[in-house]
Every structure is written in structure tokens, then in C-alpha cells.
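Chemist: Can you keep this structure in mind? I'll have questions shortly.
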Amino acid sequence: MKRTHLILIALIAIAVAVILSTAGDSSSYENFQVALENPDEEYHVVGKLVRQNEMQYDPVKDPNYFAFYLEDNNQKVMKVVHSGTKPQDFERSEQVVIIGKAGNNQFEAQKILTKCPSKYVENEVKVKPVSGE
Amino acid sequence: MIGAVEFIGERLLPGNLGHGAVILSLMASLLAAISYFRSEQSSLIEDKSSWLKLGRWAFIAHVVAVVTIFLSLFYIIYNHLNEYHYAWSHSSKALPVYYIISSFWEGQEGSFLLWMVWHALLGLVLMGSARKWEAPVMSVVSLTQFMLSSMLLGVYILEYKVGSSPFILLREAMQAPIFQQADYLKYIADGNGLNPLLQNPWMVIHPPVVFLGFATTVVPFAFVVAALWRRDYQTWVAPTVPWTLFSAMVLGTGIIMGGMWAYESLTFGGYWAWDPVENASLVPWLIIIAAVHTLLIFKKTGRAMISSMLLLLFTFVLILYATFLTRSGILGNSSVHSFTDLGMSGQLLVFLLMFLFLGLSLFLWRRKELPKVGSEEHILSREFWMFIGTLILVMSAFQVFLTTSTPVFNKITGSNIAPPADVISHYNRWQLPIVILILITFTYSQFMKFKSTPTKTFWLDLMWPVGISLLVSGFFIWYFELTNWQFNTLLVAAIFGVIGNGQLLIRKLSKLSKAGAAFAHVGFAMMMWGVLISSAKKEVVSINQSGMSYGENFDDKGNHENVLLWKQEPLMMNGYRLTYLGDSTSAPNTFYQVRYEKLNEKKEVVDQFVLAPFAQINPKMGLISSPDTRHFLGSDLYTHVTQIPDPAAKAERKSWKDPVPFDIKAERTDTLMVGQQLMIYEGLSTRLPADMKAKAEGAEVAVMARFRIRSLDNQDRILQPVFAIRGGAVLSFESEDEAAGIRIKINSLNPDKGTLNIAISEKIPESRDYLIMKAMVFPWINMLWAGTVVLIIGFSISVMHRYHDAKREEARGEA
């Protein structure tokens with residue numbers, strides 16, 4: 001067998017390994033039910049902030065504890081805790097993606113991504129008050 | 001009212017001019033592409049040259065049109081013509097001039113325009129330098145310009161929106177009742193302004209460099225197409241090499257600049273986050289670096305023609321793919337960047353597939369004719385290991401490409417794969433071994449010769465650098481207490497890269513023009529060295545040690561990386577005494593001054609500086625925080641504000657206790673206890689300081705009382721409230737001291753009794769200001785930046801060297 005062929009085979013083997021590892025490492029967008037059933041797996045959960053339940057963040061007491069309630073796309077509500085500060089402008093978020101594991105009847109989010117309806121794209125024309133000219 | 005409204009005050013000329021120029025640029029580029037095509041295809045000399053002339057004039061007309069578009073849009077933004085949607089949505093009057101430039105390319109249309117401007121300029125350079133390759137190369141460049149121009153068109157063709165015009169009017173872009181009024185412009189106060197995150201000096205320079213990097217990849221692509229088209233498989237390489245090197249240099253510089261921007265102005269704490277947007281331009285960069293190496297193999301040995309062509313074709317296609325990913329909104333949930341979809345994803349996809357098809361089909365058509373070398377390389381030859389190196393680079397690119405493309409995969413198959421939960425370790429698993437292999441391969445292969453190397457001298461030559469690298473890295477592992485074996489291997493490889501290539505660099509110093517590769521390799525190895533130490537030993541130093549309760553059920557495994565600093569209350573952190581001094585606002589930013597005092601063992605201050613991380617409290621985006629970094633030679637101290645008291649709540653919150661009235665004798669000194677502090681009344685005076693005099697101007701009576709507050713720390717503070725009567729009305733000016741937390745006001749004077757009635761308020765302690773911040777130390781990060789500079793020097797030397805090379809070859813060919 002020629003060396004070129006050996007290299008080619010090695011290359012294909014690595015490519016397959018890369019594909020498998022990508023598939024293996026990837027998480028998936030799931031709901032709380034799935035996360036609760038698999039407490040060891042990390043998931044991305046997409047949902048909406050439940051505004052009726054109060055958020056818990058008191059920086060004076062502890063700047064690294066933030067808890068809130070999230071409703072997933074199947075309307076299941078769960079408490080989410082995060083070891084860090086409250087993301088700025090969290091109240092205004094339209095959609096929240098949390099990444100982490102479920103356990104103890106709460107979801108421990110390592111990361112919180114918020115999607116605002118339009119981060120900076122303004123869709124309304126603001127009108128300045130008419131001055132008495 | 002019947003008919004259209006006559007709007008007042010709109011300045012339509014620059015928009016019409018710009019839009020007209022878009023149409024002209026589209027037509028001219030199409031004409032140029034066709035003329036150049038005909039010139040290449042025709043067999044008669046006269047036809048060839050007349051088509052060539054037409055192509056040139058058409059392309060020059062196109063350049064004029066592109067410059068006109070650019071200037072029209074710039075005029076609109078610079079003069080804040082808010083009747084235009086682009087100016088209104090990306091700029092505002094508050095922006096300084098250099099950020100007006102950034103707002104130019106904040107929008108998609110502006111960034112396409114920037115790309116087009118670069119292509120146009122490159123086209124002019126090619127027109128003057130490509131000589132016999134001009135016709136086919138310019139035909140391809142003109143075709144890309146046609147596609148790019150169509151992105152700015154903004155017209156509907158058979159219900160499909162083609163392009164998005166930057167010259168659209170605000171009233172056309174949005175529906176609002178205000179636009180019923182003819183004089184609506186009077187009510188539009190100002191534009192929306194630039195995204196605060198982009199208001200950073202790096203954002204002025206980073207996009208033009210990245211887009212120049214993007215734009216230059218079209219040149220090698222066009223040369224490959226030209227070579228296949230013309231069936232000339234030899235002479236295209238010489239002019240292509242310097243272009244490819246130049247493109248790799250500029251694109252690499254642009255990517256690093258993006259990292260510097262992230263490090264200087266974003267708060268994720270680092271320069272690289274494996275974000276899809278970063279990856280999208282990293283993939284073509286890896287491929288073009290691979291192409292640089294295969295081209296050199298071809299020049300030296302005649303091998304690797306096929307792989308050079310394929311790599312260069314894919315570089316450009318991957319640039320288009322990067323544009324597609326970042327501009328189509330497909331990344332959605334997986335990126336921190338948010339790009340809005342302007343409905344052009346279909347058009348971008350057509351653009352991408354068209355050039356993929358053009359390149360690949362031409363390649364497949366000609367594949368049998370392409371020159372090949374039948375025999376295998378010698379195993380101890382530089383070309384063999386260079387080729388192995390390019391394969392590793394391709395694998396690296398493939399891995400990044402695959403993970404970054406999951407949103408595309410989801411779109412096609414309807415699956416819901418999310419990116420890996422721990423992105424960093426996912427990429428590290430592959431990229432760490434890959435970079436180790438690359439560092440080792442590119443170092444020892446430099447000790448080999450092309451064709452074949454004498455075995456004995458090779459191993460002897462290699463002995464010294466290997467030995468020294470092992471010693472140096474052993475020292476580093478001991479000094480930084482590195483324990484991770486993968487990191488240690490990378491460290492050895494990086495140091496081997498620096499020392500091995502450094503040795504070759506010293507040898508080549510007499511022939512500097514040939515030292516490009518050695519410089520570039522040393523630079524890259526230095527970068528990896530810096531990356532390794534700065535990320536392996538990156539340390540969050542603001543660990544919260546206050547031992548708070550973390551709520552029931554809360555598994556305490558998170559890192560408590562944020563600390564709370566009360567205003568004026570020092571806190572020890574990592575050998576520093578931190579004091580939050582206060583804030584100052586310079587619109588739109590608020591700077592939070594934090595004093596750092598480095599203490600020695602005797603608690604003496606040995607070094608002192610103030611860092612002022614700032615934040616913008618943006619009505620649309622909330623708190624936008626930006627870090628401030630203290631640069632030392634050996635490390636950086638990086639800090640940013642993560643949270644401040646809610647300004648709205650702060651305004652509502654009661655911060656002073658209710659005032660308590662007291663009567664005191666006007667003529668006598670008196671002493672009162674206020675909380676824990678002593679307050680001494682020292683008497684009345686009618687001699688007012690100048691500012692008070694001005695306030696009490698024309699008053700019949702004006703007196704000032706003097707109080708001395710003595711705090712527990714034995715510091716005296718003076719409070720001087722003023723009382724005046726003007727025209728029978730009482731004017732009372734209170735006096736307060738923030739640090740003492742006391743405010744005094746004179747309520748009334750009673751001349752009959754000889755007393756004055758004062759009101760004393762105390763500050764509620766909890767209402768003191770605080771901030772929550774995070775601080776990190778990045779050791780050895782300067783090694784990364786220094787390596788970048790060395791890498792760029794190496795590229796520049798190589799570009800020059802290969803450019804002269806190509807000139808010489810051309811002269812030989814003509815002779």
C-alpha cells in the first residue's frame with residue numbers, strides 16, 4: 001500500500017471521529033420534563049420569564065445568587081438558580097435560553113442567554129415634543 | 001387631501017444620487033464581467049483588445065459608481081439626514097466623528113458597501129498589475145461585484161426582494177401616523193445612535209480590516225478560475241502567492257483585532273470565545289494558511305497543484321459561507337451577536353452556491369489535465385511534512401466548521417441540536433492536539449530540505465533546539481505550577497516552535513528577505529505560548545469571601561466571582577486594597593473609579609492606581625459594561641462592573657432619615673451628638689463665600705452658620721448652611737457631607753430669643769452606593785500580542801519577497 005493511501009485512510013478516520021465527537025458533545029434544546037428525567041445531562045432550555053413570581057436577587061446579601069422562574073415551551077414552570085449576577089435588563093427579555101442541569105426540583109443554569117425582542121433595532125419612531133416655536 | 005403629501009424639508013438628492021449609483025454600479029459591473037469574458041474567449045487579437053478596453057472602461061465606471069454610493073451614504077450619515085432610515089437607525093448627533101465612521105458599517109448594507117469598495121480598489125490594482133491574466137481575473141472580480149451591487153438594490157423582482165437599499169427613507173421603512181404629516185421631519189429629533197458596544201476605537205478599524213481580508217480572498221480564487229479556464233497551469237502561481245499571503249495576513253490581523261476588541265470592551269473576560277461569528281472567519285483563514293503552504297510546495301517541487309487550487313477555491317466560498325452565517329440570522333440562539341435578517345439569506349445562498357458551482361465544476365471539468373507528480377515524496381523532505389501540516393490545518397478547519405454549522409444542519413433536517421454546553425472544552429479537545437501537532441511539524445520540517453534531507457545532519461541539527469526547549473518548558477511548568485499534561489505538552493511544543501524557528505531566524509538574519517517564514521512561525525508559536533499561559537493561569541481574583549448563605553437547596557459549586565464594594569469602604573483582594581471612590585459621568589458613560597493599592601507584608605502601599613471600568617445605562621439595552629485593564633509587563637489586571645444599584649430604585653429609595661429640629665443659642669458655641677459623631681456649632685457669620693453671596697443676592701438678611709463634625713476617625717468636616725431673607729421670603733441653603741452622612745438646614749432665626757432653629761438629617765447607611773465587580777488576572781498576555789506583531793512582520797516580509805519573485809518571473813517570461 002502506498003503512503004498516500006495510508007494518509008488518506010488516517011484522514012477519513014479523523015474526519016469520522018470529528019463528526020462523532022461533534023454529535024456526542026452537542027447538547028439539545030429540550031424542555032424541563034426531559035431535563036428532570038435526565039438529571040446528569042446538560043441541556044439548553046428555551047423559555048419565557050414568569051413575571052408573576054418574584055425574581056430573587058439581592059446583591060447586598062449575595063451578589064452571586066440569582067433565582068427566577070421560567071416557563072418552558074410546554075408551559076411547565078420551574079425555578080432556575082444561577083451562581084452569578086442577574087443579567088442586566090433581564091426583566092425585558094422576551095426569550096431566555098438557559099444552559100445547565102436539572103436537580104433538586106430546580107434548574108441550575110451555568111449560563112443564561114437572553115434574547116430581547118430587538119437588541120438594538122428600534123421599530124418605533126420617537127417623536128420629540130413640539131416646542132412652542 | 002387627495003394625492004401624495006408634499007413633505008417638507010426632505011433632502012432627497014443624496015439618496016437619489018446614491019440609488020442611481022447603485023444601479024449604475026450593477027450595470028457597469030455586469031458589462032465589465034461580460035466584456036472581460038468576451039476578451040478572454042475571442043481568438044482574434046483585435047477583438048481581444050477591444051473587449052478588454054470596454055471591460056476596463058466599464059470597470060472604471062463601476063468604481064466611480066461605488067465611490068459615489070459610498071460618499072452619498074457618508075454624506076447622509078455625517079449630516080444626520082434623518083429622513084433616511086440608515087442615518088436614523090445607526091447614528092445620532094451625540095456621536096463623535098470617528099464613531100460616525102463606525103456607524104457607517106454597523107448596518108448590513110454599509111458592510112456590504114465596505115466590501116464592495118475594497119473589491120473595487122483591488123480591481124483597479126489588478127487592472128494595473130495582472131498583465132496577461134487581467135481579462136479572466138477581472139471577469140471573475142466583476143462578477144462578484146455584480147452580486148454585491150445587487151445586495152444594495154432594494155427592489156422587488158417578481159415578488160422577491162432583491163437586496164436592501166441603504167438609501168431608503170424613514171417614512172418608507174416604517175409605518176407610523178406621524179408620516180401623514182407633511183412636516184414630519186420637524187418631529188424627528190435625532191437618530192437612534194450606535195450600539196454602545198460598538199462605540200470603541202477598535203470598531204473603527206476592525207471592520208475595514210476584516211472586510212479587506214474578506215475582499216482579498218477573491219483574488220486567488222479568480223486566479224485559480226483563470227488558470228483552469230485558460231489551461232495554463234504554471235504561470236498563475238507566481239502572482240497568486242503574494243496575493244494569498246497578503247490575504248492571509250490581512251484576514252488574520254482582522255481576526256486578532258476582533259479578539260482585542262472583545263478583550264478591551266466586552267465583559268466575557270478573554271479574547272476568544274469560539275463564538276460562531278469568530279469561527280466563521282477563522283475557518284477560511286485556516287484554509288488559506290493551508291493554501292499558502294501547498295502553493296510553496298508547488299513552487300519548489302511541482303507537487304500539490306490540485307490541493308492548492310481546491311484550497312483557494314474553498315477559501316473564497318467559505319468567506320461567502322461566513323457572510324451567509326452571520327447575515328442570515330440563522331445563528332439565532334447560538335451566538336451572542338445578534339444580526340437581523342434583512343430577507344437576503346436567499347440571495348446570499350444563491351451567491352454562495354453560484355461561486356461554489358463555478359469553481360468546482362470548472363475544476364472537475366479540467367481535473368484530468370492537471371499536472372501531477374507520480375512518485376511519492378521522500379519521507380525526510382520538507383514538502384512531505386508541509387503537506388502533512390496542511391492536512392492538519394484542514395482537519396482543524398473542518399472541526400470548527402462542523403460545530404459552527406449545526407444551526408444550518410438544524411435548518412435543513414429540522415433537528416434541534418444545540419451547541420455543546422461547554423463550548424470551550426469541546427473545541428479544546430480537538431484544537432489543542434491539533435495546534436500541538438502543527439507547532440511541532442512546522443518546526444522540525446524547517447530543519448529539512450526540499451526533495452530529501454541527509455538523515456544524520458537532520459537529527460544532529462534538531463538536538464539542540466529540542467534539548468533547550470525541554471529545559472525552558474520545564475522551568476515554566478515549575479514556575480507556574482502547571483499540572484495539566486495537555487497544557488504542558490502544548491507549552492513544550494510552543495517553546496520548541498519559538499526556539500527552533502528562532503534559531504533558523506538568526507541564521508537568516510543576513511538574508512532578511514527570506515526570513516518571512518521563520519518570523520511568522522516564531523510569531524505564531526509565541527502567540528500560542530501567550531494563549532496557553534494567559535488562559536491556563538487566568539485567575540478570577542474577585543472571589544467573594546464574605547461567606548453568605550446561598551439559599552436553600554443551592555448546590556454551592558459555582559464560583560462566586562463577583563464582589564461587592566461599598567463606596568469608600570476598602571476591601572482586600574488578592575494583595576490589593578480596593579476602594580470604590582465614586583463615579584463620574586461623562587455622557588453617555590459613567591466611570592466607576594476603583595482605587596487599587598498594592599500592599600506589602602507590612603501593609604505599606606507599594607503601588608497605587610485607579611481603574612475606572614465604565615458602564616452605559618442605555619435606555620434600550622440596560623447596563624452596558626466595559627472593562628478597564630491595568631497592563632503590566634508580565635500580566636494584565638482586568639476588571640469590570642457587573643452590577644450597580646438600580647438607578648430607578650435609587651431615586652425612589654429614601655436615603656435620609658427625617659430631619660430632627662434643634663434650637664441653639666446663636667451667640668454661644670455648642671456641642672451636639674449626632675449618631676456616633678460630635679457636632680460643634682462654632683457661630684454665625686455674615687461673610688458669605690462667593691457662591692453663596694451670588695445665591696443670596698439682594699437679600700435683606702444673610703447669615704451662615706458654621707458646624708464642625710468630628711467623626712470617629714478624628715477627621716473634621718465643616719458644614720456651613722446659609723439662611724437669608726429676600727423680599728420677605730425665606731431662602732435656606734442646606735449643607736451636607738456625604739462621608740459624614742449629615743445634612744444641616746437652618747429653619748428659622750429668632751432674634752428675640754437669640755436662637756436659631758436647625759434641622760439635622762442623618763443618612764441611612766444602606767443607601768450608600770455600592771458596585772459589584774469582577775476582576776481577573778491574565779498573566780503573560782503580552783506574549784500573545786508580541787507574537788501577533790512578529791507574525792505580521794513575517795507575513796509582510798514574505799509578501800514583499802514573493803511579490804519581487806513574481807516580478808522577476810514575469811520579466812523572465814517576457815524575455
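Each chain in the C-alpha cells gets a letter, A, B, ..., in the order shown, and its residues are numbered from 1; ligands are numbered from 1 in order too.
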Run DSSP on the backbone of this structure and report the residues of region 290-491 of chain B it assigns to helix (DSSP H, G or I), as a PyMOL selection string.
Modeler: chain B and resi 290-301+305-327+332-334+345-366+382-404+406-413+423-447+455-479+485-491
Chemist: Using only C-alpha atoms, determine which residues lie at most 7 Å from region 234-236 of chain B, disregarding the query and same-chain residues fewer than 4 positions distant; provide the list as a list of chain:residue names.
Modeler: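 Once the adjacent positions are removed, what remains is B:Phe223, B:Ala227, B:Thr240.
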Chemist: Go through B:Ile178, B:Met27, B:Ile255, B:Val540 one by one, measure the shortest atom-to-atom distance of each to chain A using only C-alpha atoms, and give the residue with the smallest value.
Modeler: B:Ile178
Chemist: At a cut-off of 10 Å, using only C-alpha atoms, what residues contact Gln486 (chain B)? Leave out same-chain residues fewer than 2 positions from it and give the result as a list in words.
Modeler: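 Listing them by chain and then by number gives Asn428, Arg429, Leu432, Pro433, Ile436, Thr483, Asn484, Asn488, Thr489, Leu490, Leu491 and Val492 of chain B.
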Chemist: I need the residues from that last selection saved to file as a PDB file, in the first residue's frame (with C-alpha atoms), if you can.
Modeler:
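The resulting file, result.pdb, is shown below:
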```
ATOM      1  CA  ASN B 428     -10.110  22.305  23.090  1.00  0.00           C
ATOM      2  CA  ARG B 429     -10.471  18.545  22.784  1.00  0.00           C
ATOM      3  CA  LEU B 432      -5.383  21.572  21.448  1.00  0.00           C
ATOM      4  CA  PRO B 433      -3.811  18.400  19.994  1.00  0.00           C
ATOM      5  CA  ILE B 436       0.483  20.862  19.252  1.00  0.00           C
ATOM      6  CA  THR B 483      -0.332  20.331  36.171  1.00  0.00           C
ATOM      7  CA  ASN B 484      -2.481  19.630  33.143  1.00  0.00           C
ATOM      8  CA  ASN B 488       2.211  21.095  29.359  1.00  0.00           C
ATOM      9  CA  THR B 489       2.584  19.340  26.032  1.00  0.00           C
ATOM     10  CA  LEU B 490       1.335  22.449  24.286  1.00  0.00           C
ATOM     11  CA  LEU B 491       3.798  24.520  26.265  1.00  0.00           C
ATOM     12  CA  VAL B 492       6.689  22.302  25.195  1.00  0.00           C
TER      13      VAL B 492
END
```
Chemist: For region 74-76 of chain A, find every residue with an atom within 8 Å (counting only C-alpha atoms), except residues of its own chain fewer than 4 positions away, and show them as number ranges by chain.
Modeler: A: 31-33
Chemist: With only C-alpha atoms considered, list every residue of chain B at most 6 Å from chain A, as number ranges by chain.
Modeler: B: 187-189, 416-421, 558, 560, 622-623
Chemist: Write the residues you've just listed into a file as a compact mmCIF listing (two decimals), in the first residue's frame, and include C-alpha atoms for each of them.
Modeler:
```
# COMPACT_ATOMS: atom_id res chain seq x y z
CA TYR B 187 -40.61 65.95 14.97
CA ILE B 188 -37.76 63.55 14.40
CA ALA B 189 -35.31 64.75 16.97
CA ASN B 416 -32.91 20.65 17.33
CA ILE B 417 -29.23 20.18 18.08
CA ALA B 418 -27.86 22.81 20.38
CA PRO B 419 -24.22 23.80 20.56
CA PRO B 420 -22.16 21.93 23.17
CA ALA B 421 -23.00 23.06 26.68
CA GLY B 558 -20.42 27.75 41.41
CA HIS B 560 -18.53 33.29 43.45
CA GLY B 622 -29.85 48.32 30.02
CA LEU B 623 -26.45 48.36 31.59
```
Chemist: At what distance in Å, to one decimal, does CA of Asp583 (chain B) lie from CA of Asp636 (chain B)?
Modeler: 22.9 Å
Chemist: Please identify all polymer residues within 10 Å of Ala759 (chain B), counting only C-alpha atoms, omitting same-chain residues fewer than 4 positions from it, and present them as number ranges by chain.
Modeler: B: 658-663, 734, 743-748
Chemist: Using only C-alpha atoms, which of the listed residues (B:Trp229, B:Tyr99, B:Trp459, B:Phe112) sits closest to Gln41 (chain B)?
Modeler: B:Trp229
Chemist: Which neighbours of Lys93 (chain B) fall inside 12 Å, counting only C-alpha atoms, when residues of the same chain fewer than 3 positions from it are skipped, and could you give them as a PyMOL selection string?
Modeler: chain B and resi 77-82+87-90+96-97+99-100+103+189-194
Chemist: What's the separation between CA of Leu295 (chain B) and CA of Leu121 (chain B), in Å to one decimal place?
Modeler: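 Here the two named atoms are 25.1 Å from each other.
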Chemist: List the spatial neighbours of Phe107 (chain A) as a tab-separated table (two decimals) with N, CA and C atoms, in the first residue's frame - criterion: any atom at most 7 Å away, only C-alpha atoms, same-chain residues fewer than 6 positions off excluded.
Modeler:
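Saved the output as result.tsv:
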```
chain	number	residue	atom	x	y	z
A	79	LYS	N	-38.19	26.56	38.87
A	79	LYS	CA	-37.29	27.56	39.44
A	79	LYS	C	-35.90	27.36	38.86
A	80	VAL	N	-35.28	28.44	38.49
A	80	VAL	CA	-33.93	28.39	37.93
A	80	VAL	C	-33.00	29.16	38.85
A	81	VAL	N	-31.89	28.53	39.21
A	81	VAL	CA	-30.91	29.24	40.03
A	81	VAL	C	-29.62	29.38	39.24
A	101	LYS	N	-28.22	21.91	34.20
A	101	LYS	CA	-28.82	20.63	34.56
A	101	LYS	C	-29.99	20.84	35.52
```
Chemist: Report, in Å to a single decimal, how far apart CA of Leu30 (chain B) and CA of Leu73 (chain B) are.
Modeler: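 So the answer is 22.7 Å.
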Chemist: With only C-alpha atoms as the atoms that count, which of B:Phe778, B:Phe167, B:Phe246, B:Tyr160 lies nearest to Tyr803 (chain B)?
Modeler: B:Phe246
Chemist: Select, from B:Tyr427, B:Phe476, B:Tyr592, B:Phe324, the residue with the minimum atom-to-atom distance to Ala273 (chain B), counting only C-alpha atoms.
Modeler: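 Comparing B:Tyr427, B:Phe476, B:Tyr592, B:Phe324 against Ala273 (chain B), the winner is B:Tyr427.
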